[in-house]
Amino acid sequence: MKKTHRIGTLFLLFFLMISGANAVEFQSPRTLGLGGAGRAAPWLTDAIYLNPSFASFSPIYTLSGTFTGFDQGRNYNFSVQDSRTELLQAGVGFTKREENAAVNIGASRAFAKKWGVGLGSKILLDQPSNRMTADFNVSGSVLATEWLNISLIVDNLIANADQRSRNLHRTLYAATRLIAARKIQLYFDPFFSPDYPGGSKGGFTAGAEIGMLEDLYLRIGRSVDAEIAHLNTRGSGYGIGVGWVGPKISLEGAIHKTLSAHGGRPTGTAQSAAVQIYF
């Protein structure tokens, strides 16, 4: 009964948030280090924000906390994910940004051990106006081969006139992860926003993750006209990061340089660090 009650509560929270918003509200140090890429294989709680359908492929509990500092301010994030519950794998995250606060939730289910489907929802609360905006996303992933993952994500699925006025535009991502060698993984995430008015309607993020030792990873990445979550806009830049993965804990760090930003937003450099506990 307790398990059924917990699952029912997750469903209720999810649909309340849907009925209640920028395409990406939070980017972890791993994502920033990859230049914004990684949707075809998000690490732990990254699935909540990038691709909920992938959470089912990592059956663990995760707690994470992240700090991101940049020239115009700082962001904080706390996330929790339960990928062990048999019927439904789900997670929720809270992000405090300079311009607003965001709550994200993602839920997923795997089929035949290689297919995953997911639903995600978001709520943004602007400050100081307290204006609230919500939307949601759908996603699917397939472990096509031992060396290739493919994911499709539609973010801001509703994107009606009110949401578009809040800069929530429907965006389609087609993401891939290629395991080029045992310790080299390549990511490529092109996207297209048919109604985006602020610049190029399409762009991409691309990155590489290189295992330096058994538990140490180097990441590099490039973004072109892509989401930059801490600036609450789109733009182009590059990132570099490092991650240490232990038996029950991981430590992540990254530096992201924004070269250009849409809407005349200021550019600059961001530094991000995170700790994740999983079991």
# chains A, B, ... in the order shown; residues from 1 in each chain; ligands from 1

$ residues_around --residues "Glu214 in chain A" --least-positions-apart "5" --cutoff "10 Å" --atoms "only C-alpha atoms" --output "NGL selection string"
:A and (183 or 244-246)

$ write_last_selection --atoms "N, CA and C atoms" --output "compact mmCIF listing (two decimals), in the first residue's frame"
# COMPACT_ATOMS: atom_id res chain seq x y z
N LYS A 183 36.68 4.66 -23.52
CA LYS A 183 36.67 5.80 -22.61
C LYS A 183 36.43 7.12 -23.33
N TRP A 244 34.70 13.56 -11.02
CA TRP A 244 35.24 12.40 -10.32
C TRP A 244 34.07 11.57 -9.83
N VAL A 245 34.04 10.30 -10.17
CA VAL A 245 32.92 9.42 -9.85
C VAL A 245 33.40 8.34 -8.89
N GLY A 246 32.93 8.42 -7.64
CA GLY A 246 33.28 7.42 -6.64
C GLY A 246 32.19 6.39 -6.48

$ residues_around --residues "range 124-138 of chain A" --least-positions-apart "2" --cutoff "10 Å" --atoms "only C-alpha atoms" --output "PyMOL selection string"
chain A and resi 14-15+17-23+25+49-53+95-108+117-122+140+152-160+162-163+166+168-172

$ write_last_selection --atoms "C-alpha atoms" --output "PDB file, in the first residue's frame"
ATOM      1  CA  PHE A  14       3.133  15.699 -12.059  1.00  0.00           C
ATOM      2  CA  PHE A  15      -0.303  16.456 -13.505  1.00  0.00           C
ATOM      3  CA  MET A  17       2.270  20.962 -12.445  1.00  0.00           C
ATOM      4  CA  ILE A  18       1.292  20.362 -16.053  1.00  0.00           C
ATOM      5  CA  SER A  19      -2.045  22.049 -15.555  1.00  0.00           C
ATOM      6  CA  GLY A  20      -0.602  25.035 -13.681  1.00  0.00           C
ATOM      7  CA  ALA A  21       9.235  27.474 -18.721  1.00  0.00           C
ATOM      8  CA  ASN A  22      12.792  28.947 -21.333  1.00  0.00           C
ATOM      9  CA  ALA A  23      13.466  25.527 -22.689  1.00  0.00           C
ATOM     10  CA  GLU A  25      15.901  25.860 -16.618  1.00  0.00           C
ATOM     11  CA  TYR A  49      15.920  18.708 -17.110  1.00  0.00           C
ATOM     12  CA  LEU A  50      17.314  17.317 -20.362  1.00  0.00           C
ATOM     13  CA  ASN A  51      15.507  14.061 -21.096  1.00  0.00           C
ATOM     14  CA  PRO A  52      13.233  12.368 -18.521  1.00  0.00           C
ATOM     15  CA  SER A  53      12.939   9.215 -20.650  1.00  0.00           C
ATOM     16  CA  THR A  95      16.460  25.976  -9.114  1.00  0.00           C
ATOM     17  CA  LYS A  96      16.846  29.499  -7.682  1.00  0.00           C
ATOM     18  CA  ARG A  97      17.932  31.813 -10.481  1.00  0.00           C
ATOM     19  CA  GLU A  98      18.559  35.566 -10.623  1.00  0.00           C
ATOM     20  CA  GLU A  99      15.329  36.294 -12.517  1.00  0.00           C
ATOM     21  CA  ASN A 100      13.041  33.553 -11.232  1.00  0.00           C
ATOM     22  CA  ALA A 101      12.685  30.247  -9.435  1.00  0.00           C
ATOM     23  CA  ALA A 102      11.965  27.019 -11.296  1.00  0.00           C
ATOM     24  CA  VAL A 103      10.532  23.651 -10.320  1.00  0.00           C
ATOM     25  CA  ASN A 104      11.038  20.730 -12.710  1.00  0.00           C
ATOM     26  CA  ILE A 105       9.668  17.219 -12.514  1.00  0.00           C
ATOM     27  CA  GLY A 106      10.284  14.243 -14.772  1.00  0.00           C
ATOM     28  CA  ALA A 107       8.808  10.740 -14.937  1.00  0.00           C
ATOM     29  CA  SER A 108       9.728   7.795 -17.151  1.00  0.00           C
ATOM     30  CA  VAL A 117       9.479   7.149 -22.661  1.00  0.00           C
ATOM     31  CA  GLY A 118       9.237  10.189 -20.442  1.00  0.00           C
ATOM     32  CA  LEU A 119       7.141  13.177 -19.437  1.00  0.00           C
ATOM     33  CA  GLY A 120       8.436  16.367 -17.869  1.00  0.00           C
ATOM     34  CA  SER A 121       6.847  19.461 -16.420  1.00  0.00           C
ATOM     35  CA  LYS A 122       8.104  22.860 -15.333  1.00  0.00           C
ATOM     36  CA  GLY A 140      11.780   9.005 -25.969  1.00  0.00           C
ATOM     37  CA  LEU A 152      13.953  12.669 -29.305  1.00  0.00           C
ATOM     38  CA  ILE A 153      12.635  15.427 -27.034  1.00  0.00           C
ATOM     39  CA  VAL A 154       9.877  17.970 -27.619  1.00  0.00           C
ATOM     40  CA  ASP A 155      10.183  20.756 -25.052  1.00  0.00           C
ATOM     41  CA  ASN A 156       7.527  23.393 -24.284  1.00  0.00           C
ATOM     42  CA  LEU A 157       4.928  21.222 -25.933  1.00  0.00           C
ATOM     43  CA  ILE A 158       1.946  23.546 -25.339  1.00  0.00           C
ATOM     44  CA  ALA A 159       3.660  26.853 -26.259  1.00  0.00           C
ATOM     45  CA  ASN A 160       0.448  28.875 -26.613  1.00  0.00           C
ATOM     46  CA  ASP A 162       0.799  33.334 -23.296  1.00  0.00           C
ATOM     47  CA  GLN A 163       3.729  30.975 -22.992  1.00  0.00           C
ATOM     48  CA  ARG A 166       7.248  34.334 -21.760  1.00  0.00           C
ATOM     49  CA  LEU A 168       8.629  29.443 -24.042  1.00  0.00           C
ATOM     50  CA  HIS A 169       8.854  28.213 -27.625  1.00  0.00           C
ATOM     51  CA  ARG A 170       8.269  24.658 -28.797  1.00  0.00           C
ATOM     52  CA  THR A 171      11.635  23.011 -29.493  1.00  0.00           C
ATOM     53  CA  LEU A 172      12.492  19.644 -31.023  1.00  0.00           C
TER      54      LEU A 172
END

$ atom_distance --atom1 "CA of Lys201 in chain A" --atom2 "CA of Asn149 in chain A"
24.9 Å

$ closest_atom_pairs --of "range 113-205 of chain A" --to "range 229-242 of chain A" --cutoff "10 Å" --atoms "only C-alpha atoms" --output "Markdown table"
| residue | atom | partner | partner_atom | distance |
| --- | --- | --- | --- | --- |
| A:Asn167 | CA | A:Thr233 | CA | 8.9 |
| A:Gly198 | CA | A:Arg234 | CA | 8.6 |
| A:Gly199 | CA | A:Arg234 | CA | 8.7 |
| A:Ser200 | CA | A:Arg234 | CA | 9.5 |
| A:Gly203 | CA | A:Ser236 | CA | 9.2 |
| A:Phe204 | CA | A:Ser236 | CA | 9.4 |
| A:Thr205 | CA | A:Ser236 | CA | 9.1 |

$ residues_around --residues "Ala40 in chain A" --least-positions-apart "3" --cutoff "12 Å" --atoms "only C-alpha atoms" --output "compact mmCIF listing (two decimals) with all heavy atoms, in the first residue's frame"
# COMPACT_ATOMS: atom_id res chain seq x y z
N THR A 31 26.72 19.11 -17.89
CA THR A 31 26.11 19.65 -19.10
C THR A 31 26.86 20.88 -19.60
O THR A 31 27.10 21.02 -20.80
CB THR A 31 24.64 20.01 -18.83
OG1 THR A 31 23.96 18.88 -18.29
CG2 THR A 31 23.94 20.47 -20.09
N GLY A 36 26.49 22.11 -23.21
CA GLY A 36 25.04 22.01 -23.26
C GLY A 36 24.55 20.69 -23.82
O GLY A 36 23.34 20.43 -23.83
N ALA A 37 25.45 19.83 -24.29
CA ALA A 37 25.06 18.56 -24.89
C ALA A 37 24.85 17.49 -23.82
O ALA A 37 25.06 17.72 -22.63
CB ALA A 37 26.11 18.10 -25.90
N TRP A 43 23.35 12.26 -17.10
CA TRP A 43 23.93 11.63 -15.92
C TRP A 43 23.06 11.93 -14.70
O TRP A 43 22.84 13.08 -14.33
CB TRP A 43 25.35 12.16 -15.73
CG TRP A 43 26.03 11.85 -14.44
CD1 TRP A 43 26.42 12.73 -13.48
CD2 TRP A 43 26.44 10.55 -13.97
NE1 TRP A 43 27.03 12.09 -12.45
CE2 TRP A 43 27.06 10.74 -12.72
CE3 TRP A 43 26.32 9.26 -14.50
CZ2 TRP A 43 27.59 9.68 -11.97
CZ3 TRP A 43 26.83 8.20 -13.75
CH2 TRP A 43 27.46 8.42 -12.51
N ASP A 46 20.43 14.88 -14.13
CA ASP A 46 20.35 15.67 -15.37
C ASP A 46 19.14 15.26 -16.21
O ASP A 46 18.63 16.06 -16.99
CB ASP A 46 21.62 15.48 -16.20
CG ASP A 46 22.78 16.31 -15.70
OD1 ASP A 46 22.58 17.13 -14.78
OD2 ASP A 46 23.91 16.12 -16.20
N ALA A 47 18.70 14.01 -16.05
CA ALA A 47 17.56 13.54 -16.84
C ALA A 47 16.31 14.36 -16.57
O ALA A 47 15.47 14.54 -17.46
CB ALA A 47 17.29 12.06 -16.53
N LEU A 50 16.93 17.49 -18.96
CA LEU A 50 17.31 17.32 -20.36
C LEU A 50 16.48 16.28 -21.09
O LEU A 50 16.14 16.47 -22.26
CB LEU A 50 18.79 16.93 -20.45
CG LEU A 50 19.81 17.90 -19.87
CD1 LEU A 50 21.22 17.36 -20.09
CD2 LEU A 50 19.67 19.28 -20.49
N ASN A 51 16.16 15.18 -20.41
CA ASN A 51 15.51 14.06 -21.10
C ASN A 51 14.98 13.06 -20.07
O ASN A 51 15.66 12.09 -19.73
CB ASN A 51 16.51 13.39 -22.04
CG ASN A 51 15.96 12.17 -22.73
OD1 ASN A 51 14.76 11.89 -22.69
ND2 ASN A 51 16.84 11.41 -23.37
N PRO A 52 13.77 13.27 -19.55
CA PRO A 52 13.23 12.37 -18.52
C PRO A 52 13.21 10.90 -18.94
O PRO A 52 13.30 10.02 -18.08
CB PRO A 52 11.82 12.92 -18.28
CG PRO A 52 11.92 14.36 -18.64
CD PRO A 52 12.87 14.41 -19.80
N SER A 53 13.07 10.60 -20.22
CA SER A 53 12.94 9.21 -20.65
C SER A 53 14.16 8.37 -20.34
O SER A 53 14.10 7.14 -20.33
CB SER A 53 12.65 9.15 -22.15
OG SER A 53 13.77 9.56 -22.92
N PHE A 54 15.31 8.99 -20.08
CA PHE A 54 16.53 8.24 -19.84
C PHE A 54 16.69 7.81 -18.38
O PHE A 54 17.52 6.95 -18.08
CB PHE A 54 17.76 9.04 -20.26
CG PHE A 54 18.97 8.21 -20.54
CD1 PHE A 54 19.13 7.58 -21.77
CD2 PHE A 54 19.95 8.02 -19.59
CE1 PHE A 54 20.24 6.79 -22.04
CE2 PHE A 54 21.07 7.24 -19.84
CZ PHE A 54 21.21 6.61 -21.07
N ALA A 55 15.90 8.37 -17.47
CA ALA A 55 16.06 8.06 -16.05
C ALA A 55 15.88 6.58 -15.75
O ALA A 55 16.48 6.05 -14.82
CB ALA A 55 15.07 8.89 -15.23
N PHE A 57 17.01 4.06 -17.18
CA PHE A 57 18.16 3.22 -17.48
C PHE A 57 19.24 3.28 -16.39
O PHE A 57 20.28 2.64 -16.53
CB PHE A 57 18.77 3.62 -18.82
CG PHE A 57 17.82 3.46 -19.97
CD1 PHE A 57 17.48 4.53 -20.77
CD2 PHE A 57 17.23 2.23 -20.25
CE1 PHE A 57 16.60 4.40 -21.84
CE2 PHE A 57 16.34 2.08 -21.30
CZ PHE A 57 16.03 3.16 -22.09
N GLY A 116 12.80 3.82 -23.76
CA GLY A 116 12.33 4.62 -22.64
C GLY A 116 11.43 5.75 -23.11
O GLY A 116 11.70 6.36 -24.15
N SER A 139 9.43 12.87 -24.22
CA SER A 139 10.72 12.40 -24.72
C SER A 139 10.70 10.90 -24.89
O SER A 139 9.91 10.17 -24.28
CB SER A 139 11.85 12.80 -23.75
OG SER A 139 11.61 12.28 -22.45
N GLY A 140 11.60 10.43 -25.75
CA GLY A 140 11.78 9.00 -25.97
C GLY A 140 13.24 8.72 -26.24
O GLY A 140 13.94 9.52 -26.87
N SER A 141 13.71 7.58 -25.73
CA SER A 141 15.11 7.18 -25.94
C SER A 141 15.17 5.71 -26.33
O SER A 141 14.31 4.92 -25.93
CB SER A 141 15.93 7.39 -24.65
OG SER A 141 16.03 8.75 -24.31
N VAL A 142 16.18 5.37 -27.09
CA VAL A 142 16.41 3.98 -27.46
C VAL A 142 17.91 3.70 -27.37
O VAL A 142 18.73 4.49 -27.84
CB VAL A 142 15.87 3.65 -28.87
CG1 VAL A 142 16.50 4.55 -29.93
CG2 VAL A 142 16.10 2.18 -29.21
N LEU A 143 18.25 2.60 -26.71
CA LEU A 143 19.63 2.11 -26.70
C LEU A 143 19.80 1.27 -27.96
O LEU A 143 19.64 0.05 -27.96
CB LEU A 143 19.89 1.29 -25.45
CG LEU A 143 19.51 1.96 -24.11
CD1 LEU A 143 19.89 1.06 -22.95
CD2 LEU A 143 20.16 3.33 -23.97
N ALA A 144 20.09 1.94 -29.06
CA ALA A 144 20.05 1.30 -30.37
C ALA A 144 21.04 0.16 -30.50
O ALA A 144 20.72 -0.91 -31.01
CB ALA A 144 20.28 2.34 -31.46
N TRP A 147 26.90 0.82 -28.70
CA TRP A 147 27.72 2.02 -28.85
C TRP A 147 26.93 3.25 -29.31
O TRP A 147 27.52 4.32 -29.52
CB TRP A 147 28.85 1.76 -29.84
CG TRP A 147 28.41 1.12 -31.13
CD1 TRP A 147 28.33 -0.21 -31.38
CD2 TRP A 147 27.96 1.79 -32.32
NE1 TRP A 147 27.86 -0.43 -32.66
CE2 TRP A 147 27.63 0.79 -33.26
CE3 TRP A 147 27.81 3.12 -32.69
CZ2 TRP A 147 27.15 1.09 -34.53
CZ3 TRP A 147 27.34 3.41 -33.95
CH2 TRP A 147 27.02 2.41 -34.86
N LEU A 148 25.59 3.14 -29.43
CA LEU A 148 24.80 4.27 -29.92
C LEU A 148 23.48 4.40 -29.16
O LEU A 148 22.72 3.43 -29.06
CB LEU A 148 24.51 4.09 -31.41
CG LEU A 148 23.65 5.18 -32.07
CD1 LEU A 148 24.39 6.52 -32.07
CD2 LEU A 148 23.26 4.78 -33.49
N ASN A 149 23.23 5.61 -28.63
CA ASN A 149 21.94 5.98 -28.06
C ASN A 149 21.32 7.06 -28.93
O ASN A 149 22.02 7.94 -29.45
CB ASN A 149 22.08 6.56 -26.65
CG ASN A 149 22.64 5.59 -25.65
OD1 ASN A 149 22.94 4.45 -25.98
ND2 ASN A 149 22.81 6.05 -24.43
N ILE A 150 19.99 7.05 -29.04
CA ILE A 150 19.26 8.07 -29.79
C ILE A 150 18.07 8.53 -28.94
O ILE A 150 17.36 7.70 -28.37
CB ILE A 150 18.75 7.53 -31.14
CG1 ILE A 150 19.92 7.05 -32.00
CG2 ILE A 150 17.95 8.60 -31.89
CD1 ILE A 150 19.49 6.34 -33.27
N SER A 151 17.87 9.84 -28.87
CA SER A 151 16.75 10.40 -28.11
C SER A 151 16.07 11.50 -28.90
O SER A 151 16.74 12.27 -29.61
CB SER A 151 17.22 10.97 -26.77
OG SER A 151 17.76 9.96 -25.94
N LEU A 152 14.75 11.58 -28.76
CA LEU A 152 13.95 12.67 -29.30
C LEU A 152 13.22 13.34 -28.16
O LEU A 152 12.59 12.65 -27.33
CB LEU A 152 12.96 12.16 -30.35
CG LEU A 152 13.54 11.54 -31.62
CD1 LEU A 152 12.41 10.99 -32.49
CD2 LEU A 152 14.35 12.58 -32.39
N ILE A 153 13.28 14.67 -28.09
CA ILE A 153 12.63 15.43 -27.03
C ILE A 153 11.88 16.59 -27.65
O ILE A 153 12.42 17.31 -28.51
CB ILE A 153 13.66 15.99 -26.02
CG1 ILE A 153 14.53 14.84 -25.45
CG2 ILE A 153 12.96 16.75 -24.91
CD1 ILE A 153 15.91 14.79 -26.00
N TYR A 173 14.38 18.42 -30.15
CA TYR A 173 15.78 18.00 -30.06
C TYR A 173 15.90 16.58 -30.61
O TYR A 173 15.06 15.72 -30.33
CB TYR A 173 16.26 17.98 -28.61
CG TYR A 173 16.33 19.33 -27.95
CD1 TYR A 173 15.23 19.85 -27.28
CD2 TYR A 173 17.51 20.08 -27.95
CE1 TYR A 173 15.29 21.09 -26.65
CE2 TYR A 173 17.58 21.31 -27.32
CZ TYR A 173 16.46 21.81 -26.68
OH TYR A 173 16.51 23.02 -26.05
N ALA A 174 16.96 16.33 -31.37
CA ALA A 174 17.30 14.98 -31.84
C ALA A 174 18.73 14.72 -31.38
O ALA A 174 19.69 15.23 -31.97
CB ALA A 174 17.18 14.88 -33.35
N ALA A 175 18.87 13.92 -30.31
CA ALA A 175 20.16 13.79 -29.65
C ALA A 175 20.75 12.41 -29.86
O ALA A 175 20.03 11.41 -29.92
CB ALA A 175 20.00 14.06 -28.15
N THR A 176 22.07 12.36 -29.93
CA THR A 176 22.78 11.08 -30.07
C THR A 176 23.98 11.04 -29.13
O THR A 176 24.60 12.07 -28.83
CB THR A 176 23.28 10.85 -31.50
OG1 THR A 176 24.14 11.94 -31.89
CG2 THR A 176 22.12 10.76 -32.47
N ARG A 177 24.26 9.83 -28.67
CA ARG A 177 25.54 9.57 -27.98
C ARG A 177 26.24 8.43 -28.70
O ARG A 177 25.66 7.36 -28.92
CB ARG A 177 25.34 9.17 -26.52
CG ARG A 177 26.68 8.81 -25.85
CD ARG A 177 26.55 8.33 -24.44
NE ARG A 177 25.94 7.00 -24.34
CZ ARG A 177 26.01 6.23 -23.24
NH1 ARG A 177 26.65 6.67 -22.17
NH2 ARG A 177 25.42 5.05 -23.22
N LEU A 178 27.48 8.66 -29.06
CA LEU A 178 28.29 7.65 -29.74
C LEU A 178 29.47 7.28 -28.84
O LEU A 178 30.24 8.16 -28.43
CB LEU A 178 28.81 8.19 -31.07
CG LEU A 178 29.78 7.32 -31.84
CD1 LEU A 178 29.10 6.04 -32.31
CD2 LEU A 178 30.37 8.08 -33.03
N ILE A 179 29.58 6.00 -28.52
CA ILE A 179 30.74 5.54 -27.75
C ILE A 179 31.83 5.19 -28.77
O ILE A 179 31.85 4.11 -29.36
CB ILE A 179 30.38 4.32 -26.89
CG1 ILE A 179 29.24 4.69 -25.93
CG2 ILE A 179 31.59 3.84 -26.09
CD1 ILE A 179 28.75 3.53 -25.08
N GLN A 185 33.30 9.21 -25.26
CA GLN A 185 31.90 9.31 -25.64
C GLN A 185 31.66 10.67 -26.30
O GLN A 185 32.09 11.71 -25.79
CB GLN A 185 30.99 9.16 -24.43
CG GLN A 185 31.21 7.84 -23.69
CD GLN A 185 30.27 7.64 -22.53
OE1 GLN A 185 29.05 7.63 -22.70
NE2 GLN A 185 30.82 7.50 -21.34
N LEU A 186 30.96 10.64 -27.43
CA LEU A 186 30.70 11.85 -28.21
C LEU A 186 29.19 12.13 -28.20
O LEU A 186 28.39 11.22 -28.36
CB LEU A 186 31.19 11.69 -29.65
CG LEU A 186 32.66 11.29 -29.81
CD1 LEU A 186 32.98 11.09 -31.29
CD2 LEU A 186 33.58 12.31 -29.17
N TYR A 187 28.84 13.40 -28.06
CA TYR A 187 27.44 13.81 -27.98
C TYR A 187 27.16 14.88 -29.03
O TYR A 187 27.96 15.80 -29.23
CB TYR A 187 27.12 14.40 -26.60
CG TYR A 187 27.36 13.44 -25.46
CD1 TYR A 187 28.62 13.33 -24.87
CD2 TYR A 187 26.33 12.65 -24.96
CE1 TYR A 187 28.85 12.45 -23.82
CE2 TYR A 187 26.56 11.76 -23.91
CZ TYR A 187 27.81 11.68 -23.35
OH TYR A 187 28.03 10.80 -22.33
N PHE A 188 25.99 14.76 -29.66
CA PHE A 188 25.57 15.76 -30.65
C PHE A 188 24.07 15.96 -30.52
O PHE A 188 23.30 15.02 -30.66
CB PHE A 188 25.93 15.31 -32.06
CG PHE A 188 25.58 16.32 -33.12
CD1 PHE A 188 26.08 17.61 -33.07
CD2 PHE A 188 24.75 15.98 -34.18
CE1 PHE A 188 25.76 18.55 -34.05
CE2 PHE A 188 24.43 16.90 -35.16
CZ PHE A 188 24.94 18.19 -35.09
N ASP A 189 23.66 17.21 -30.20
CA ASP A 189 22.25 17.53 -29.94
C ASP A 189 21.79 18.70 -30.82
O ASP A 189 21.77 19.86 -30.37
CB ASP A 189 22.05 17.94 -28.47
CG ASP A 189 22.40 16.84 -27.49
OD1 ASP A 189 22.91 15.80 -27.93
OD2 ASP A 189 22.17 17.03 -26.28
N PRO A 190 21.43 18.46 -32.07
CA PRO A 190 20.83 19.54 -32.88
C PRO A 190 19.38 19.77 -32.46
O PRO A 190 18.72 18.88 -31.92
CB PRO A 190 20.91 18.98 -34.30
CG PRO A 190 20.86 17.50 -34.12
CD PRO A 190 21.56 17.21 -32.82
N THR A 205 24.35 21.65 -29.92
CA THR A 205 25.40 21.52 -28.92
C THR A 205 26.14 20.23 -29.22
O THR A 205 25.56 19.25 -29.69
CB THR A 205 24.83 21.48 -27.49
OG1 THR A 205 23.89 20.41 -27.38
CG2 THR A 205 24.14 22.80 -27.15
N ALA A 206 27.43 20.21 -28.94
CA ALA A 206 28.25 19.04 -29.20
C ALA A 206 29.33 18.95 -28.13
O ALA A 206 29.87 19.98 -27.69
CB ALA A 206 28.89 19.11 -30.58
N GLY A 207 29.63 17.74 -27.70
CA GLY A 207 30.62 17.59 -26.66
C GLY A 207 31.28 16.23 -26.68
O GLY A 207 30.81 15.29 -27.33
